[in-house]
file start_7.cif (mmCIF, C-alpha atoms)
data_upload
loop_
_atom_site.label_atom_id
_atom_site.label_comp_id
_atom_site.auth_asym_id
_atom_site.auth_seq_id
_atom_site.Cartn_x
_atom_site.Cartn_y
_atom_site.Cartn_z
CA MET M 22 92.02 -1.17 136.62
CA LEU M 23 90.82 -0.04 133.19
CA LEU M 24 87.60 -2.01 133.54
CA ASN M 25 86.99 -0.25 136.86
CA PHE M 26 87.63 3.01 135.05
CA LEU M 27 85.03 2.07 132.42
CA ASP M 28 82.47 1.19 135.11
CA ALA M 29 83.14 4.46 136.94
CA LEU M 30 82.61 6.45 133.75
CA ARG M 31 79.28 4.74 133.12
CA ALA M 32 78.19 5.30 136.72
CA ALA M 33 78.92 9.01 136.29
CA GLY M 34 76.63 9.19 133.26
CA ILE M 35 79.32 9.22 130.57
CA PRO M 36 78.19 6.94 127.69
CA ALA M 37 81.33 4.80 127.45
CA SER M 38 80.96 1.50 125.57
CA ILE M 39 83.02 -1.68 125.23
CA LYS M 40 83.89 -0.58 121.70
CA GLU M 41 85.57 2.58 123.01
CA HIS M 42 87.26 0.57 125.77
CA LEU M 43 88.75 -1.82 123.20
CA LEU M 44 89.84 1.15 121.10
CA LEU M 45 91.74 2.55 124.09
CA LEU M 46 93.42 -0.83 124.72
CA GLU M 47 94.42 -1.06 121.05
CA ALA M 48 95.91 2.43 121.15
CA LEU M 49 97.93 1.55 124.25
CA ASP M 50 99.05 -1.72 122.70
CA ARG M 51 100.35 0.10 119.62
CA ASP M 52 102.16 2.73 121.70
CA VAL M 53 100.43 5.68 120.04
CA ILE M 54 101.39 7.82 123.06
CA GLU M 55 104.43 8.14 125.26
CA ARG M 56 104.14 6.41 128.61
CA ARG M 57 103.37 9.56 130.56
CA PRO M 58 100.33 10.19 132.81
CA GLU M 59 99.35 13.37 130.97
CA ASP M 60 99.41 11.64 127.58
CA PHE M 61 97.27 8.77 128.92
CA TYR M 62 94.77 11.30 130.33
CA TYR M 63 94.31 13.03 126.97
CA LEU M 64 94.11 9.73 125.07
CA ALA M 65 91.43 8.40 127.43
CA ARG M 66 89.49 11.66 127.28
CA ALA M 67 89.58 11.74 123.47
CA THR M 68 88.39 8.13 123.37
CA TYR M 69 85.53 8.28 125.87
CA VAL M 70 84.23 11.87 125.84
CA LYS M 71 82.14 12.99 122.86
CA ASP M 72 80.42 15.94 124.52
CA GLU M 73 82.35 18.95 125.85
CA GLY M 74 79.80 19.31 128.63
CA LEU M 75 81.02 15.99 130.10
CA LEU M 76 84.66 17.06 130.45
CA ASP M 77 84.31 18.06 134.10
CA ARG M 78 82.67 14.74 135.03
CA PHE M 79 85.42 12.85 133.20
CA ASP M 80 88.08 14.77 135.14
CA GLN M 81 86.41 13.91 138.44
CA VAL M 82 86.16 10.20 137.60
CA PHE M 83 89.74 10.11 136.30
CA GLY M 84 91.00 11.72 139.50
CA GLN M 85 89.10 9.25 141.71
CA VAL M 86 90.12 6.09 139.83
CA PHE M 87 93.79 6.94 139.40
CA LYS M 88 94.30 8.85 142.64
CA GLY M 89 97.78 8.24 144.00
CA MET M 90 98.92 6.37 140.87
CA LEU M 91 99.60 9.30 138.57
CA GLY M 92 101.98 12.08 139.41
CA SER M 93 100.91 15.68 139.07
CA SER M 94 102.50 18.03 136.60
CA GLY M 95 102.05 21.71 135.93
CA VAL M 96 103.56 24.82 134.52
CA LYS M 97 106.42 26.15 136.57
CA ALA M 98 106.02 29.72 137.77
CA GLU M 99 108.34 32.25 136.23
CA ILE M 100 109.08 33.59 139.71
CA PRO M 101 110.89 31.12 142.04
CA GLU M 102 108.51 29.46 144.46
CA GLU M 103 110.73 30.18 147.47
CA TRP M 104 110.30 33.91 146.87
CA LEU M 105 106.56 33.52 147.25
CA ARG M 106 106.47 31.63 150.55
CA LEU M 107 104.99 33.65 153.35
CA VAL M 108 107.66 33.54 156.08
CA ALA M 109 106.11 36.16 158.32
CA GLU M 110 103.23 38.59 158.14
CA LYS M 111 103.70 42.19 159.14
CA TYR M 112 100.84 43.84 161.03
CA LEU M 113 100.67 47.60 160.73
CA SER M 114 98.75 50.13 162.76
CA PRO M 115 96.41 52.57 160.99
CA GLU M 116 98.99 55.31 161.53
CA GLU M 117 101.71 53.24 159.85
CA MET M 118 99.41 52.46 156.92
CA GLU M 119 98.79 56.16 156.39
CA LYS M 120 102.53 56.77 156.05
CA ILE M 121 102.90 54.25 153.21
CA LYS M 122 102.57 56.04 149.88
CA SER M 123 101.35 54.68 146.56
CA LEU M 124 103.79 54.79 143.64
CA GLY M 125 101.25 56.61 141.47
CA ASP M 126 99.27 55.58 138.43
CA TRP M 127 99.23 52.31 136.49
CA ASP M 128 102.10 53.13 134.14
CA GLU M 129 104.43 54.13 136.97
CA ILE M 130 103.68 50.96 138.97
CA MET M 131 104.21 48.62 136.01
CA GLU M 132 107.42 50.39 134.93
CA THR M 133 108.80 50.15 138.48
CA LEU M 134 107.91 46.44 138.66
CA LYS M 135 109.81 45.83 135.42
CA LYS M 136 112.91 47.54 136.82
CA ARG M 137 112.72 45.63 140.13
CA LEU M 138 112.52 42.29 138.27
CA GLU M 139 115.65 43.21 136.32
CA GLU M 140 117.59 44.35 139.41
CA GLN M 141 116.54 41.83 142.08
CA GLN M 142 118.72 38.72 142.38
CA ALA M 143 117.46 37.02 145.55
CA ARG M 144 114.40 36.41 147.65
CA HIS M 145 113.37 39.23 150.00
CA GLN M 146 111.11 39.38 153.01
CA GLY M 147 109.76 42.18 155.16
CA GLY M 148 111.05 45.23 153.25
CA ASN M 149 109.57 48.21 151.49
CA LYS M 150 111.24 48.07 148.06
CA TRP M 151 112.00 44.62 146.63
CA ILE M 152 109.59 41.90 145.51
CA GLY M 153 108.95 39.73 148.58
CA THR M 154 106.62 38.80 151.41
CA GLY M 155 105.33 40.40 154.58
CA GLY M 156 106.51 43.96 153.89
CA THR M 157 105.22 47.27 152.61
CA SER M 158 106.61 47.02 149.08
CA PRO M 159 104.08 47.49 146.23
CA PHE M 160 105.21 44.10 144.86
CA GLY M 161 104.82 40.68 146.49
CA HIS M 162 102.25 39.35 148.95
CA GLY M 163 101.51 38.97 152.65
CA GLY M 164 102.15 42.63 153.52
CA TYR M 165 100.44 45.96 153.03
CA ASN M 166 100.52 48.68 150.40
CA PRO M 167 97.66 50.96 149.33
CA GLU M 168 98.19 50.08 145.65
CA GLY M 169 100.42 47.53 143.98
CA VAL M 170 100.85 44.17 142.23
CA ARG M 171 100.18 41.00 144.26
CA ILE M 172 102.52 38.18 143.18
CA GLY M 173 101.16 34.84 144.42
CA GLY M 174 99.76 34.34 147.90
CA GLU M 175 96.25 35.13 149.08
CA SER M 176 94.44 38.45 148.94
CA LYS M 177 94.20 40.17 152.32
CA HIS M 178 93.39 43.86 151.86
CA LYS M 179 91.79 43.72 148.35
CA ARG M 180 93.94 46.62 147.14
CA ALA M 181 96.03 45.06 144.35
CA ILE M 182 95.58 46.59 140.90
CA LYS M 183 97.02 43.45 139.25
CA VAL M 184 97.47 39.84 140.39
CA TRP M 185 100.32 37.70 139.07
CA GLU M 186 99.88 34.01 139.80
CA LYS M 187 99.10 30.64 138.25
CA ARG M 188 95.48 29.61 138.59
CA ASP M 189 93.60 26.36 137.94
CA PHE M 190 90.00 26.56 136.74
CA ALA M 191 87.46 23.78 136.24
CA ASN M 192 85.02 23.34 133.36
CA LEU M 193 81.31 23.80 133.96
CA ASP M 194 79.17 20.65 134.05
CA ASN M 195 75.99 20.66 131.94
CA SER M 196 74.55 17.73 133.89
CA LYS M 197 73.54 19.92 136.83
CA GLU M 198 69.79 20.10 137.31
CA LEU M 199 68.27 23.53 137.82
CA GLY M 200 67.37 24.45 141.36
CA THR M 201 64.13 25.96 140.04
CA ARG M 202 62.22 25.50 136.80
CA ASN M 203 61.59 29.24 136.67
CA ILE M 204 65.12 29.86 135.38
CA LYS M 205 64.52 27.47 132.51
CA VAL M 206 61.15 29.06 131.77
CA ALA M 207 62.79 32.51 131.69
CA LEU M 208 65.34 31.29 129.12
CA ARG M 209 62.51 30.02 126.93
CA ARG M 210 61.52 33.59 126.15
CA LEU M 211 64.46 33.56 123.76
CA ARG M 212 62.89 31.13 121.30
CA ARG M 213 61.98 31.22 117.64
CA PHE M 214 60.87 27.81 116.44
CA ALA M 215 61.48 26.71 112.85
CA ARG M 216 61.68 23.50 110.82
CA GLU M 217 65.00 23.43 109.01
CA GLY M 218 67.34 20.78 107.65
CA SER M 219 66.64 17.27 106.40
CA ALA M 220 63.24 15.60 106.81
CA GLU M 221 63.79 13.14 109.65
CA GLU M 222 60.54 13.38 111.65
CA LEU M 223 57.25 11.65 110.79
CA ASP M 224 54.52 14.13 109.84
CA LEU M 225 51.56 12.17 111.13
CA ASP M 226 48.82 14.57 109.94
CA GLU M 227 50.13 14.76 106.37
CA THR M 228 50.69 10.99 106.32
CA ILE M 229 47.01 10.40 107.20
CA ARG M 230 45.82 12.95 104.61
CA GLY M 231 48.08 11.51 101.88
CA THR M 232 47.05 7.93 102.65
CA ALA M 233 43.35 8.83 102.55
CA ARG M 234 43.79 10.72 99.28
CA GLN M 235 45.98 8.14 97.47
CA GLY M 236 44.36 4.98 98.75
CA TRP M 237 47.68 3.48 99.92
CA LEU M 238 50.14 4.18 102.71
CA ASP M 239 51.75 7.55 101.88
CA ILE M 240 54.39 8.31 104.51
CA ARG M 241 55.32 11.99 104.77
CA MET M 242 58.39 13.26 106.63
CA ARG M 243 59.33 16.74 107.81
CA PRO M 244 62.36 18.52 109.39
CA GLU M 245 62.56 18.47 113.16
CA ARG M 246 61.11 21.52 114.91
CA HIS M 247 63.75 23.28 116.97
CA ASN M 248 64.70 26.62 118.43
CA ALA M 249 66.24 28.60 115.57
CA VAL M 250 67.83 31.22 117.83
CA LYS M 251 71.64 31.27 117.57
CA LEU M 252 73.47 31.94 120.83
CA LEU M 253 77.05 32.77 121.86
CA LEU M 254 77.64 32.23 125.58
CA PHE M 255 80.76 33.68 127.25
CA LEU M 256 81.39 32.41 130.80
CA ASP M 257 83.71 34.03 133.33
CA VAL M 258 85.46 31.36 135.45
CA GLY M 259 87.89 31.31 138.37
CA GLY M 260 88.80 33.80 141.08
CA SER M 261 85.84 35.80 142.37
CA MET M 262 83.45 33.63 140.31
CA ASP M 263 84.12 30.52 142.43
CA PRO M 264 81.19 31.22 144.85
CA PHE M 265 78.82 31.29 141.87
CA VAL M 266 79.86 28.00 140.24
CA LYS M 267 76.64 26.16 141.15
CA LEU M 268 74.45 28.95 139.81
CA CYS M 269 76.46 29.17 136.58
CA GLU M 270 76.32 25.40 136.10
CA GLU M 271 72.54 25.53 136.39
CA LEU M 272 72.40 28.30 133.79
CA PHE M 273 74.85 26.42 131.53
CA SER M 274 72.78 23.23 131.83
CA ALA M 275 69.58 25.07 130.95
CA ALA M 276 71.12 26.88 127.97
CA THR M 277 72.55 23.61 126.63
CA SER M 278 69.12 21.99 126.64
CA GLU M 279 67.20 25.02 125.34
CA PHE M 280 69.37 26.14 122.43
CA LYS M 281 70.40 23.80 119.63
CA ASN M 282 72.54 26.45 117.90
CA MET M 283 74.74 27.44 120.84
CA GLU M 284 78.47 27.96 121.15
CA PHE M 285 80.16 28.67 124.48
CA PHE M 286 83.57 30.00 125.45
CA TYR M 287 85.36 30.74 128.72
CA PHE M 288 87.18 33.91 129.74
CA HIS M 289 88.58 35.27 132.99
CA ASN M 290 87.44 38.62 134.42
CA CYS M 291 87.25 40.49 131.11
CA LEU M 292 87.21 39.57 127.43
CA TYR M 293 90.57 39.90 125.66
CA GLU M 294 92.11 38.73 122.38
CA GLY M 295 91.58 35.02 123.14
CA VAL M 296 89.00 32.71 124.74
CA TRP M 297 88.97 28.95 125.30
CA LYS M 298 86.75 25.86 125.48
CA ASP M 299 88.65 23.77 128.02
CA ASN M 300 89.93 25.38 131.21
CA ARG M 301 92.68 22.79 131.61
CA ARG M 302 94.08 23.79 128.22
CA ARG M 303 93.33 27.50 128.36
CA PHE M 304 96.93 28.50 127.65
CA ALA M 305 97.62 25.90 124.94
CA GLU M 306 94.30 25.84 123.06
CA ARG M 307 92.85 29.31 122.65
CA THR M 308 90.42 30.68 120.09
CA PRO M 309 91.24 34.20 118.87
CA THR M 310 88.37 36.58 119.59
CA TRP M 311 88.79 38.01 116.10
CA ASP M 312 87.98 34.56 114.67
CA ILE M 313 84.72 34.47 116.62
CA LEU M 314 83.71 37.93 115.39
CA HIS M 315 84.33 36.85 111.78
CA LYS M 316 82.93 33.30 112.01
CA TYR M 317 79.55 33.87 113.65
CA GLY M 318 77.02 36.12 111.92
CA HIS M 319 75.44 39.30 113.26
CA ASP M 320 72.18 37.42 113.89
CA TYR M 321 73.72 35.61 116.88
CA LYS M 322 72.56 36.61 120.36
CA VAL M 323 75.39 37.09 122.89
CA ILE M 324 75.26 36.52 126.65
CA PHE M 325 78.17 37.27 128.98
CA VAL M 326 78.06 35.75 132.47
CA GLY M 327 80.41 37.25 135.06
CA ASP M 328 80.55 39.23 138.30
CA ALA M 329 82.48 42.14 136.67
CA ALA M 330 84.71 42.21 139.79
CA MET M 331 88.29 43.10 138.84
CA SER M 332 90.79 45.89 138.81
CA PRO M 333 89.49 48.75 136.62
CA TYR M 334 92.85 48.65 134.82
CA GLU M 335 91.88 45.25 133.35
CA ILE M 336 89.12 47.02 131.43
CA SER M 337 90.72 50.37 130.68
CA HIS M 338 94.46 49.69 130.16
CA PRO M 339 96.65 47.47 127.98
CA GLY M 340 98.59 45.04 130.18
CA GLY M 341 95.84 45.04 132.80
CA SER M 342 95.02 41.33 132.54
CA VAL M 343 95.86 39.22 135.59
CA GLU M 344 97.26 36.36 133.49
CA HIS M 345 99.03 37.84 130.48
CA MET M 346 100.25 41.08 128.93
CA ASN M 347 97.29 42.09 126.77
CA GLU M 348 98.08 44.52 123.99
CA GLU M 349 94.58 46.01 123.97
CA ALA M 350 92.35 46.90 126.91
CA GLY M 351 89.47 44.58 127.78
CA GLY M 352 86.94 47.37 127.25
CA VAL M 353 88.00 47.63 123.61
CA TRP M 354 87.10 43.97 123.00
CA LEU M 355 83.77 44.30 124.80
CA GLN M 356 82.84 47.26 122.62
CA ARG M 357 83.78 45.30 119.49
CA VAL M 358 81.47 42.46 120.49
CA ALA M 359 78.63 44.85 121.34
CA HIS M 360 79.10 46.58 117.98
CA THR M 361 79.25 43.32 115.99
CA TYR M 362 76.28 41.74 117.77
CA PRO M 363 73.54 44.30 118.53
CA ALA M 364 71.74 41.76 120.75
CA THR M 365 74.27 41.49 123.59
CA VAL M 366 73.65 41.36 127.36
CA TRP M 367 75.66 40.73 130.53
CA LEU M 368 74.30 38.59 133.41
CA ASN M 369 75.86 39.40 136.79
CA PRO M 370 75.51 36.94 139.73
CA THR M 371 76.48 39.66 142.24
CA PRO M 372 73.43 41.24 143.93
CA GLU M 373 72.41 44.37 142.04
CA ALA M 374 72.49 46.44 145.24
CA HIS M 375 76.31 46.00 145.32
CA TRP M 376 77.00 47.14 141.76
CA GLY M 377 77.30 50.80 142.71
CA TYR M 378 80.32 50.12 144.93
CA SER M 379 82.42 48.62 142.11
CA GLN M 380 84.19 50.82 139.58
CA SER M 381 84.83 47.84 137.30
CA THR M 382 81.11 47.02 137.24
CA ARG M 383 80.37 50.57 136.11
CA LEU M 384 82.94 50.30 133.31
CA ILE M 385 81.50 46.96 132.13
CA ARG M 386 77.98 48.42 132.09
CA GLU M 387 79.19 51.32 129.97
CA ALA M 388 80.86 48.94 127.51
CA MET M 389 77.62 46.93 127.34
CA ASN M 390 75.52 50.06 126.73
CA ASP M 391 73.94 49.57 130.17
CA ARG M 392 72.62 46.11 129.24
CA MET M 393 73.66 44.39 132.48
CA TYR M 394 71.12 42.30 134.38
CA PRO M 395 71.27 40.35 137.68
CA LEU M 396 71.50 36.57 137.42
CA THR M 397 68.08 36.08 139.01
CA ILE M 398 64.71 34.93 137.67
CA GLU M 399 63.63 38.51 137.04
CA GLY M 400 67.04 39.46 135.65
CA ILE M 401 67.13 36.58 133.16
CA ASP M 402 63.58 37.39 132.09
CA ALA M 403 64.50 41.05 131.47
CA ALA M 404 67.67 40.03 129.59
CA MET M 405 65.74 37.68 127.30
CA ARG M 406 63.24 40.46 126.56
CA GLU M 407 66.15 42.73 125.63
CA LEU M 408 67.64 40.11 123.31
CA THR M 409 64.32 39.63 121.50
CA ARG M 410 63.67 43.37 121.11
CA LYS M 411 63.51 44.52 117.49
CA ARG M 412 66.35 46.83 116.43
#
call {"tool": "encode", "arguments": {"input": "start_7.cif", "output": "structure tokens"}}
result
Amino acid sequence: MLLNFLDALRAAGIPASIKEHLLLLEALDRDVIERRPEDFYYLARATYVKDEGLLDRFDQVFGQVFKGMLGSSGVKAEIPEEWLRLVAEKYLSPEEMEKIKSLGDWDEIMETLKKRLEEQQARHQGGNKWIGTGGTSPFGHGGYNPEGVRIGGESKHKRAIKVWEKRDFANLDNSKELGTRNIKVALRRLRRFAREGSAEELDLDETIRGTARQGWLDIRMRPERHNAVKLLLFLDVGGSMDPFVKLCEELFSAATSEFKNMEFFYFHNCLYEGVWKDNRRRFAERTPTWDILHKYGHDYKVIFVGDAAMSPYEISHPGGSVEHMNEEAGGVWLQRVAHTYPATVWLNPTPEAHWGYSQSTRLIREAMNDRMYPLTIEGIDAAMRELTRKR
């Protein structure tokens, strides 16, 4: 089985060798992990994967080879699953919808939700007050309310101001080839070549000159020529970004090959106090945003990639995040990044003609000082020109 796993990794383009395979067998033989599927997954990944861009391919191969043999495990929801099952869906006429009133502003809705969670003791379905399914309450899913908090389920009317559910995201794969070379050419506008570091490359011209001058072979070396631009790439994943995964993977692949000094991080919807490198470990292994602001110098260029589609409260209010209770609004963190790194842009995969219909897009543009560009050939070209502009 493990030899088949090794072959599958190689076939997927992951450079796994016999040496690493023997290392995995030795680790298993010495019982360095508990005999649990999750522990074996992380041990195998640490042994075989040396490039973060290959994590997604490793996950796919692992799932195919061990399909049906390893049990699935996950974080249990804080709200009982049976409460979230859609037993029946209530269809309302336009007249009935008009009669349903919103609770008010953000603070009132969140305070009411807190009280309902403290008071409610059982699952509810079809009502207008408690947290449940198929009703007109502002809390739950499968029903209708002009403004509320969707807890689990699927979006139907696109009116929720906050979504409370567990989500699984996948890492981007840097092996994806670009659909068009023009995107890669547009990224190359952000280049500043320099020869830095140790002398590891043969300088043929100087070697010839030195040999002719000295009368014996005089080998001259020089540092490798590379793009000296430093880049921070922040990628929005999950939710409304799912339709743009292929496009984002192409951009990620191009950026990985074009920029030697590049660091990337994931976020969801809006930037908050923490980001992550691995979507499977986004709750357990986070990097504080403050650490990034203090670690990377002001000379770094920053690119955000996201559709800016979210509840406006996620940008303007504390507690607006769809996955955690954030103490500071997302807009505050975006302004901090834009202030720390003068060369900051936002690439939006949503067609530019639709931006005017989204309040959240307007708020993101304001936080970015109007430096938002469409994720198209022309948009990338304009964004790279903005990043190279002298300030």
call {"tool": "resolve_selection", "arguments": {"input": "start_7.cif", "expression": "the PyMOL selection byres ((chain M and resi 386-403) around 6)", "output": "ChimeraX atom specification"}}
result
/M:204,207,356,366-370,383-385,404-406
call {"tool": "resolve_selection", "arguments": {"input": "start_7.cif", "expression": "the PyMOL selection byres ((chain M and resi 70-77) around 10)", "output": "JSON, numbers by chain"}}
result
{"M": [30, 33, 34, 35, 36, 37, 41, 65, 66, 67, 68, 69, 78, 79, 80, 81, 82, 83, 191, 192, 193, 194, 195, 196, 273, 274, 277, 298, 299, 300, 301]}
call {"tool": "atom_distance", "arguments": {"input": "start_7.cif", "atom1": "atom CA of M:Trp237", "atom2": "atom CA of M:Leu225"}}
result
14.7 Å
call {"tool": "atom_distance", "arguments": {"input": "start_7.cif", "atom1": "atom CA of M:Glu222", "atom2": "atom CA of M:Gly236"}}
result
22.3 Å
call {"tool": "atom_distance", "arguments": {"input": "start_7.cif", "atom1": "atom CA of M:His338", "atom2": "atom CA of M:Arg302"}}
result
26.0 Å
call {"tool": "residues_around", "arguments": {"input": "start_7.cif", "residues": "M:Arg241", "least_positions_apart": "6", "cutoff": "8 Å", "atoms": "only C-alpha atoms", "output": "PyMOL selection string"}}
result
chain M and resi 223-225+227-228+231
call {"tool": "write_last_selection", "arguments": {"input": "start_7.cif", "atoms": "C-alpha atoms", "output": "compact mmCIF listing (two decimals), in the frame of the given file"}}
result
# COMPACT_ATOMS: atom_id res chain seq x y z
CA LEU M 223 57.25 11.65 110.79
CA ASP M 224 54.52 14.13 109.84
CA LEU M 225 51.56 12.17 111.13
CA GLU M 227 50.13 14.76 106.37
CA THR M 228 50.69 10.99 106.32
CA GLY M 231 48.08 11.51 101.88
